[in-house]
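query39.pdb (PDB, C-alpha atoms)
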ATOM      1  CA  MET A1425     -17.564  51.876 -12.030
ATOM      2  CA  PRO A1426     -19.687  48.722 -12.448
ATOM      3  CA  ALA A1427     -17.145  47.248 -14.848
ATOM      4  CA  THR A1428     -14.358  47.691 -12.297
ATOM      5  CA  ALA A1429     -16.404  46.100  -9.505
ATOM      6  CA  SER A1430     -17.275  43.194 -11.777
ATOM      7  CA  THR A1431     -13.627  42.699 -12.708
ATOM      8  CA  ALA A1432     -12.559  42.796  -9.062
ATOM      9  CA  ARG A1433     -15.248  40.276  -8.162
ATOM     10  CA  GLN A1434     -14.149  37.928 -10.959
ATOM     11  CA  ALA A1435     -10.558  38.208  -9.774
ATOM     12  CA  SER A1436     -11.505  37.360  -6.189
ATOM     13  CA  VAL A1437     -13.658  34.410  -7.292
ATOM     14  CA  SER A1438     -10.783  33.137  -9.440
ATOM     15  CA  ALA A1439      -8.345  33.524  -6.550
ATOM     16  CA  LEU A1440     -10.653  31.617  -4.183
ATOM     17  CA  ARG A1441     -11.165  28.865  -6.752
ATOM     18  CA  PHE A1442      -7.415  28.570  -7.279
ATOM     19  CA  GLY A1443      -6.859  28.473  -3.512
ATOM     20  CA  ARG A1444      -9.460  25.726  -3.059
ATOM     21  CA  VAL A1445      -7.999  23.623  -5.862
ATOM     22  CA  ALA A1446      -4.442  24.142  -4.591
ATOM     23  CA  ALA A1447      -5.358  23.273  -0.994
ATOM     24  CA  MET A1448      -7.347  20.173  -1.950
ATOM     25  CA  GLY A1449      -4.605  19.141  -4.373
ATOM     26  CA  ALA A1450      -2.098  19.355  -1.525
ATOM     27  CA  VAL A1451      -4.384  17.271   0.718
ATOM     28  CA  ALA A1452      -4.850  14.642  -2.004
ATOM     29  CA  ALA A1453      -1.093  14.540  -2.631
ATOM     30  CA  LEU A1454      -0.448  14.162   1.110
ATOM     31  CA  ILE A1455      -2.930  11.272   1.324
ATOM     32  CA  LEU A1456      -1.285   9.521  -1.624
ATOM     33  CA  PHE A1457       2.193  10.115  -0.186
ATOM     34  CA  ALA A1458       1.063   8.599   3.123
ATOM     35  CA  GLY A1459      -0.254   5.555   1.235
ATOM     36  CA  VAL A1460       3.053   5.059  -0.549
ATOM     37  CA  TRP A1461       4.953   5.589   2.712
ATOM     38  CA  GLY A1462       2.773   3.046   4.510
ATOM     39  CA  SER A1463       3.182   0.498   1.735
ATOM     40  CA  TRP A1464       6.898   0.906   1.077
ATOM     41  CA  GLY A1465       7.947  -0.478   4.478
ATOM     42  CA  THR A1466       6.841  -3.942   3.365
ATOM     43  CA  ALA A1467       6.924  -3.555  -0.408
ATOM     44  CA  GLN A1468      10.658  -2.869  -0.511
ATOM     45  CA  HIS A1469      11.392  -6.326   0.913
ATOM     46  CA  VAL A1470       8.987  -8.062  -1.454
ATOM     47  CA  MET A1471       9.934  -6.200  -4.637
ATOM     48  CA  LEU A1472      13.695  -5.772  -4.148
ATOM     49  CA  THR A1473      14.635  -9.352  -3.277
ATOM     50  CA  LYS A1474      18.197  -9.393  -4.608
ATOM     51  CA  GLY A1475      20.513 -10.371  -1.765
ATOM     52  CA  ARG A1476      17.653 -11.212   0.604
ATOM     53  CA  GLU A1477      16.835 -14.617   2.027
ATOM     54  CA  ARG A1478      13.912 -16.178   0.160
ATOM     55  CA  GLY A1479      12.168 -19.435   0.913
ATOM     56  CA  THR A1480       9.034 -21.016   2.306
ATOM     57  CA  LEU A1481       7.456 -20.710   5.716
ATOM     58  CA  ARG A1482       5.224 -23.443   7.095
ATOM     59  CA  VAL A1483       3.041 -21.756   9.701
ATOM     60  CA  ALA A1484       3.013 -23.941  12.808
ATOM     61  CA  ARG A1485       1.034 -21.741  15.188
ATOM     62  CA  CYS A1486      -0.501 -18.308  15.585
ATOM     63  CA  ALA A1487      -0.736 -16.368  18.832
ATOM     64  CA  GLY A1488      -1.543 -12.725  19.363
ATOM     65  CA  GLY A1489      -0.581 -10.717  16.312
ATOM     66  CA  VAL A1490       2.073 -13.065  14.898
ATOM     67  CA  CYS A1491       2.382 -16.528  13.432
ATOM     68  CA  ASP A1492       5.573 -18.552  13.344
ATOM     69  CA  GLY A1493       7.049 -21.712  11.934
ATOM     70  CA  PRO A1494      10.132 -23.229  10.293
ATOM     71  CA  PHE A1495      11.791 -21.537   7.307
ATOM     72  CA  ALA A1496      13.089 -23.608   4.381
ATOM     73  CA  PRO A1497      15.527 -21.638   2.178
ATOM     74  CA  ALA A1498      15.090 -21.373  -1.575
ATOM     75  CA  SER A1499      17.759 -18.804  -2.486
ATOM     76  CA  PRO A1500      21.556 -19.011  -2.447
ATOM     77  CA  GLY A1501      23.002 -17.877   0.864
ATOM     78  CA  ALA A1502      19.789 -18.425   2.808
ATOM     79  CA  ARG A1503      19.958 -20.743   5.793
ATOM     80  CA  PRO A1504      17.214 -22.865   7.329
ATOM     81  CA  ARG A1505      15.712 -21.529  10.529
ATOM     82  CA  ALA A1506      13.634 -23.305  13.144
ATOM     83  CA  ARG A1507      11.462 -20.274  13.873
ATOM     84  CA  VAL A1508      10.532 -17.313  11.691
ATOM     85  CA  GLU A1509       7.677 -14.890  12.429
ATOM     86  CA  ILE A1510       5.134 -13.424  10.036
ATOM     87  CA  GLU A1511       2.472 -10.865  10.871
ATOM     88  CA  LYS A1512      -0.924 -12.415  11.568
ATOM     89  CA  SER A1513      -3.507 -11.232   9.061
ATOM     90  CA  VAL A1514      -6.455 -12.566   7.122
ATOM     91  CA  ALA A1515      -3.927 -13.845   4.586
ATOM     92  CA  VAL A1516      -2.036 -16.155   6.976
ATOM     93  CA  HIS A1517      -3.465 -19.411   8.315
ATOM     94  CA  ALA A1518      -1.932 -22.016  10.620
ATOM     95  CA  GLY A1519      -0.853 -25.141   8.764
ATOM     96  CA  ALA A1520      -0.346 -23.400   5.417
ATOM     97  CA  THR A1521       2.937 -22.918   3.561
ATOM     98  CA  TYR A1522       3.838 -19.528   2.069
ATOM     99  CA  ASP A1523       6.606 -18.154  -0.111
ATOM    100  CA  VAL A1524       8.334 -15.493   1.971
ATOM    101  CA  VAL A1525      11.236 -13.063   2.046
ATOM    102  CA  LEU A1526      13.049 -12.379   5.306
ATOM    103  CA  LYS A1527      13.702  -8.816   6.390
ATOM    104  CA  PRO A1528      17.482  -8.295   6.612
ATOM    105  CA  GLY A1529      18.968  -8.934  10.041
ATOM    106  CA  THR A1530      15.715 -10.202  11.562
ATOM    107  CA  GLY A1531      13.601 -13.305  11.790
ATOM    108  CA  ASP A1532      10.595 -11.461  10.360
ATOM    109  CA  ALA A1533       9.079 -12.689   7.115
ATOM    110  CA  VAL A1534       6.795 -11.056   4.550
ATOM    111  CA  ARG A1535       4.803 -12.781   1.815
ATOM    112  CA  SER A1536       6.479 -12.787  -1.585
ATOM    113  CA  GLY A1537       5.338 -13.332  -5.140
ATOM    114  CA  PRO A1538       2.360 -11.620  -6.760
ATOM    115  CA  ALA A1539       0.179 -12.050  -3.666
ATOM    116  CA  GLY A1540       2.837 -10.503  -1.437
ATOM    117  CA  ILE A1541       3.383  -7.566  -3.766
ATOM    118  CA  LEU A1542      -0.328  -6.804  -3.979
ATOM    119  CA  PHE A1543      -0.778  -7.226  -0.212
ATOM    120  CA  ALA A1544       2.140  -4.854   0.457
ATOM    121  CA  TRP A1545       0.493  -2.128  -1.636
ATOM    122  CA  VAL A1546      -2.936  -2.362   0.063
ATOM    123  CA  PRO A1547      -2.365   0.881   2.062
ATOM    124  CA  LEU A1548      -1.810   2.700  -1.242
ATOM    125  CA  GLY A1549      -5.103   1.305  -2.578
ATOM    126  CA  GLY A1550      -6.934   2.665   0.447
ATOM    127  CA  ALA A1551      -5.205   6.017   0.060
ATOM    128  CA  GLN A1552      -6.268   6.149  -3.589
ATOM    129  CA  LEU A1553      -9.881   5.601  -2.604
ATOM    130  CA  LEU A1554      -9.703   8.335   0.016
ATOM    131  CA  ALA A1555      -7.885  10.753  -2.285
ATOM    132  CA  SER A1556     -10.495  10.201  -4.994
ATOM    133  CA  VAL A1557     -13.142  11.635  -2.672
ATOM    134  CA  VAL A1558     -10.961  14.702  -2.043
ATOM    135  CA  VAL A1559     -10.315  15.152  -5.767
ATOM    136  CA  ALA A1560     -14.011  14.817  -6.613
ATOM    137  CA  GLY A1561     -15.388  16.960  -3.798
ATOM    138  CA  GLY A1562     -12.656  19.483  -3.125
ATOM    139  CA  MET A1563     -11.211  19.953  -6.582
ATOM    140  CA  ARG A1564     -14.389  19.152  -8.523
ATOM    141  CA  LEU A1565     -12.503  16.967 -10.996
ATOM    142  CA  ALA A1566     -14.839  14.049 -11.617
ATOM    143  CA  ARG A1567     -12.916  12.076 -14.238
ATOM    144  CA  PRO A1568      -9.552  12.052 -12.443
ATOM    145  CA  ALA A1569     -11.411  11.148  -9.246
ATOM    146  CA  TRP A1570     -13.046   8.175 -10.959
ATOM    147  CA  VAL A1571      -9.693   7.027 -12.345
ATOM    148  CA  LEU A1572      -8.074   7.334  -8.912
ATOM    149  CA  GLY A1573     -10.942   5.584  -7.153
ATOM    150  CA  LEU A1574     -11.150   2.743  -9.662
ATOM    151  CA  ALA A1575      -7.379   2.236  -9.481
ATOM    152  CA  GLY A1576      -7.590   1.954  -5.698
ATOM    153  CA  ALA A1577     -10.579  -0.391  -5.843
ATOM    154  CA  GLY A1578      -8.806  -2.491  -8.482
ATOM    155  CA  LEU A1579      -5.685  -2.777  -6.341
ATOM    156  CA  LEU A1580      -7.682  -3.797  -3.264
ATOM    157  CA  THR A1581      -9.733  -6.314  -5.265
ATOM    158  CA  ALA A1582      -6.637  -7.811  -6.893
ATOM    159  CA  ALA A1583      -4.974  -8.188  -3.483
ATOM    160  CA  PHE A1584      -8.084  -9.862  -2.078
ATOM    161  CA  VAL A1585      -8.301 -12.292  -4.996
ATOM    162  CA  ALA A1586      -4.562 -13.078  -4.937
ATOM    163  CA  LEU A1587      -4.601 -13.868  -1.223
ATOM    164  CA  GLN A1588      -7.487 -16.358  -1.434
TER     165      GLN A1588
END
Could you spell out this file's structure in structure tokens?
Amino acid sequence: MPATASTARQASVSALRFGRVAAMGAVAALILFAGVWGSWGTAQHVMLTKGRERGTLRVARCAGGVCDGPFAPASPGARPRARVEIEKSVAVHAGATYDVVLKPGTGDAVRSGPAGILFAWVPLGGAQLLASVVVAGGMRLARPAWVLGLAGAGLLTAAFVALQ
């Protein structure tokens, strides 16, 4: 009988371990999916610029959560505009000129170029950092957690450096 009890115990421990790894894997995947989802709203305009209005924005003033200024076109089919808005963030300063892409059908602009691409993917970098903790603690996979965490930290650092 002891061999049967030992086998049953090993089976239950294996099932619990598999359940923990599966549940934490699902949580980590959900966190990463949320990071991609949060980033894609802006990243699609910055990365897929074909057919979109591209140009420069000279920030005239900032109030509340937005900054605005005149838009000078740089792509075929783009037209100059007296007032275009960009979200106020640490990366936007009054008096500066930025390369931007306009969201279709609106007067909203997002930063373009390498700095804009990196800034658009910042939510994914944060999600990678958070998911690395779940992978390390919940799944007990240290190396993949380090890779995930370092990738997130690298993305956030690159965005910070590019925006300065």
Give me the residues of region 1438-1491 of chain A that have any atom at most 8 Å from an atom of region 1498-1515 of chain A; for each, the nearest atom pair and the distance in Å, rounded to one decimal. Use all atoms listed in the file, sort by chain and number, and format it as CSV.
residue,atom,partner,partner_atom,distance
A:Arg1476,CA,A:Ala1502,CA,7.8
A:Glu1477,CA,A:Ala1502,CA,4.9
A:Arg1478,CA,A:Ser1499,CA,5.4
A:Gly1479,CA,A:Ala1498,CA,4.3
A:Thr1480,CA,A:Ala1498,CA,7.2
A:Leu1481,CA,A:Val1508,CA,7.5
A:Cys1486,CA,A:Lys1512,CA,7.1
A:Gly1488,CA,A:Lys1512,CA,7.8
A:Gly1489,CA,A:Lys1512,CA,5.1
A:Val1490,CA,A:Lys1512,CA,4.5
A:Cys1491,CA,A:Ile1510,CA,5.4
For region 1453-1534 of chain A against region 1539-1562 of chain A, with a cut-off of 12 Å and counting all atoms listed in the file, what is the closest atom pair and its distance in Å to one decimal for every residue that makes the cut, ordered by chain and number, as CSV?
residue,atom,partner,partner_atom,distance
A:Ala1453,CA,A:Ala1555,CA,7.8
A:Leu1454,CA,A:Ala1555,CA,8.9
A:Ile1455,CA,A:Ala1551,CA,5.9
A:Leu1456,CA,A:Ala1551,CA,5.5
A:Phe1457,CA,A:Ala1551,CA,8.5
A:Ala1458,CA,A:Ala1551,CA,7.4
A:Gly1459,CA,A:Leu1548,CA,4.1
A:Val1460,CA,A:Leu1548,CA,5.4
A:Trp1461,CA,A:Leu1548,CA,8.3
A:Gly1462,CA,A:Pro1547,CA,6.1
A:Ser1463,CA,A:Trp1545,CA,5.0
A:Trp1464,CA,A:Ala1544,CA,7.5
A:Gly1465,CA,A:Ala1544,CA,8.3
A:Thr1466,CA,A:Ala1544,CA,5.6
A:Ala1467,CA,A:Ala1544,CA,5.0
A:Gln1468,CA,A:Ala1544,CA,8.8
A:His1469,CA,A:Ile1541,CA,9.4
A:Val1470,CA,A:Ile1541,CA,6.1
A:Met1471,CA,A:Ile1541,CA,6.7
A:Leu1472,CA,A:Ile1541,CA,10.5
A:Thr1473,CA,A:Ile1541,CA,11.4
A:Ser1513,CA,A:Phe1543,CA,10.5
A:Val1514,CA,A:Phe1543,CA,10.7
A:Ala1515,CA,A:Phe1543,CA,8.8
A:Val1516,CA,A:Gly1540,CA,11.2
A:Tyr1522,CA,A:Gly1540,CA,9.7
A:Asp1523,CA,A:Gly1540,CA,8.6
A:Val1524,CA,A:Gly1540,CA,8.2
A:Val1525,CA,A:Gly1540,CA,9.4
A:Ala1533,CA,A:Gly1540,CA,10.8
A:Val1534,CA,A:Gly1540,CA,7.2
Tell me, in Å to one decimal, how far CA of Ala1586 (chain A) is from CA of Ala1569 (chain A).
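Between CA of Ala1586 (chain A) and CA of Ala1569 (chain A) the gap is 25.5 Å.
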To one decimal in Å, tell me the separation between CA of Arg1482 (chain A) and CA of Gly1578 (chain A).
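Between CA of Arg1482 (chain A) and CA of Gly1578 (chain A) the gap is 29.6 Å.
Coordinates place CA of Leu1574 (chain A) at a distance of 15.5 Å from CA of Ala1452 (chain A).
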Please put the answer as AutoDock Vina command-line options: centre and edge lengths, in Å with one decimal, of a box along x, y and z that encloses all listed atoms of region 1507-1522 of chain A plus 8 Å on each side.
--center_x 2.5 --center_y -18.0 --center_z 8.0 --size_x 33.9 --size_y 30.3 --size_z 27.8
So which one's closest to Ala1447 (chain A), A:Met1563, A:Leu1579, A:Ala1496, A:Ala1484? Using all atoms listed in the file, please.
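The shortest atom-to-atom distance to Ala1447 (chain A) comes from A:Met1563.
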Using the chain letters and numbering of this document, enumerate as number ranges by chain the residues selected by the PyMOL selection byres ((chain A and resi 1520) around 6).
A: 1482-1483, 1517-1519, 1521
Compare A:Ala1487, A:Ala1575, A:Thr1581, A:Lys1474 by their minimum atom-to-atom distance to Pro1528 (chain A), counting only C-alpha atoms, and give me the closest one.
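Ranked by minimum distance to Pro1528 (chain A), first place goes to A:Lys1474.
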Exercise: region 1438-1445 of chain A partners within 10 Å, all atoms listed in the file, chain neighbours under 4 positions left out, as a PDB file with C-alpha atoms, in the coordinates of the input:
ATOM      1  CA  ALA A1432     -12.559  42.796  -9.062  1.00  0.00           C
ATOM      2  CA  ARG A1433     -15.248  40.276  -8.162  1.00  0.00           C
ATOM      3  CA  GLN A1434     -14.149  37.928 -10.959  1.00  0.00           C
ATOM      4  CA  GLY A1449      -4.605  19.141  -4.373  1.00  0.00           C
ATOM      5  CA  ALA A1450      -2.098  19.355  -1.525  1.00  0.00           C
ATOM      6  CA  VAL A1451      -4.384  17.271   0.718  1.00  0.00           C
ATOM      7  CA  VAL A1559     -10.315  15.152  -5.767  1.00  0.00           C
ATOM      8  CA  GLY A1562     -12.656  19.483  -3.125  1.00  0.00           C
ATOM      9  CA  MET A1563     -11.211  19.953  -6.582  1.00  0.00           C
ATOM     10  CA  ARG A1564     -14.389  19.152  -8.523  1.00  0.00           C
ATOM     11  CA  LEU A1565     -12.503  16.967 -10.996  1.00  0.00           C
TER      12      LEU A1565
END
